[in-house]
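Undergrad: Would you mind keeping the following structure in view while I ask a few things?
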Amino acid sequence: MDGHGVLHMRLPITNYPPRLPLPKVFCLGEGTLWLRSARVRAKKGVMKITLLGDCAMVVELAEKIGTEALIRVRALVRELEKDPLPGTIEVVPAFTTVAVFYDPAKIGSMDALRNELVARVPRTIPRKDKSAGREMVIPVCYGGEFGPDLAEVAAHAGLSENEATALHSGAKYRVHAVGFSPGFPYLAGLPEKLHTPRRATPRTRVSAGSVGIGGAQTGVYPLSTPGGWQLIGRTPLRLFRPENETEPALLQSGDRVRFQPISPEEFAAWK
């Protein structure tokens, strides 16, 4: 970040594809290429565009995570999926950014792609979320072998396990991003009383379907992976289905979620 608040991205010159026209750059130090981000004001807030390697650009649409950021991200994703830019391969949303992956041989020039993104963003910013996402209910068996950290989370909040379960399942959540592992939803809306630091020592294996709390967020592990979130329950639902080629992740950015407590017997009988 320079003194004017402009973000720069540092890339090795040797890795820069020779077939691409060089963007406007200035060099500081031997063997280093500095690329100045496009930084423009798009209605409310500032938009920044930076390189991610040599095959992607990242559009930053907000400075902090929240509903406004989610609305802006979803609007741009819809626009770029409806009318893809030449040479683009994939559009990946995150909390406050959209990554646009492209084939360097098919975009014409990076300046052209960047300028098109700069032109498109302002006209995609809606006043409100025009697509509120789906409403999803996720059954969860809380505590016991399914939620080994529920007692710790409840104690941290000054609650009983039943009170912590009721508070967690009574809240309304929104998927703000999907990542970490395929189909992992980062859910906003966790009641502040349940905000709990991640485990000091991550587990080497977390069972698929585990519902966890990491700081101010809650989420569900779609696959069996290592993880450091506090585990409070588990769902029998499959959140990642690789056999579904069109929509392998059950939850998508923007979806609304609530959790429904179930018993161990209901968990075992779930199909």
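By convention in this document, the chains of the structure tokens carry letters A, B, ... by their order, each chain's residues are numbered from 1, and ligands are numbered from 1 in the order they are shown.
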Using DSSP on the backbone, list every residue of region 68-196 of chain A that comes out as helix (DSSP H, G or I), and give them as a PyMOL selection string.

TA: chain A and resi 68-82+110-124+150-157+161-170+192-194

Undergrad: Extract, using only C-alpha atoms, all DNA, RNA and protein residues at most 8 Å from region 102-108 of chain A, discarding same-chain residues fewer than 5 positions from it, and format them as a PDB file with C-alpha atoms, in the first residue's frame.

TA:
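Full text of part-v8.pdb as output:
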```pdb
ATOM      1  CA  ARG A  19       3.053 -13.126 -25.029  1.00  0.00           C
ATOM      2  CA  LEU A  20       1.021 -10.586 -23.069  1.00  0.00           C
ATOM      3  CA  ASP A  54      -1.038 -14.062 -14.603  1.00  0.00           C
ATOM      4  CA  CYS A  55      -4.476 -15.598 -15.223  1.00  0.00           C
ATOM      5  CA  ALA A  56      -6.872 -13.698 -12.969  1.00  0.00           C
ATOM      6  CA  PRO A  86     -14.147 -12.391 -23.825  1.00  0.00           C
ATOM      7  CA  GLY A  87     -11.559 -14.925 -22.714  1.00  0.00           C
ATOM      8  CA  THR A  88     -12.888 -15.345 -19.186  1.00  0.00           C
ATOM      9  CA  ILE A  89     -13.088 -18.878 -17.769  1.00  0.00           C
ATOM     10  CA  GLU A  90     -14.567 -18.625 -14.282  1.00  0.00           C
ATOM     11  CA  LEU A 113     -10.100  -6.616 -19.666  1.00  0.00           C
TER      12      LEU A 113
END
```

Undergrad: Which one is closest to Leu223 (chain A): A:Gly133, A:Pro264, A:Pro182, A:Pro236? Count only C-alpha atoms.

TA: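 Nearest to Leu223 (chain A): A:Pro182.
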
Undergrad: Select, from A:Leu85, A:Gly214, A:Arg120, A:Leu194, the residue with the minimum atom-to-atom distance to Gly227 (chain A), counting only C-alpha atoms.

TA: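 With only C-alpha atoms as the atom set, the closest residue is A:Gly214.
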
Undergrad: If you run DSSP over the backbone, which residues in region 29-207 of chain A end up strand (DSSP E or B)? Put them as a PyMOL selection string.

TA: chain A and resi 32-36+38-41+46-51+56-60+88-93+97-102+135-142+173-178+185-188+196+203-206

Undergrad: So what do you get for CA of Glu63 (chain A) versus CA of Thr196 (chain A), distance-wise?

TA: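 We find that CA of Glu63 (chain A) and CA of Thr196 (chain A) lie 23.8 Å from each other.
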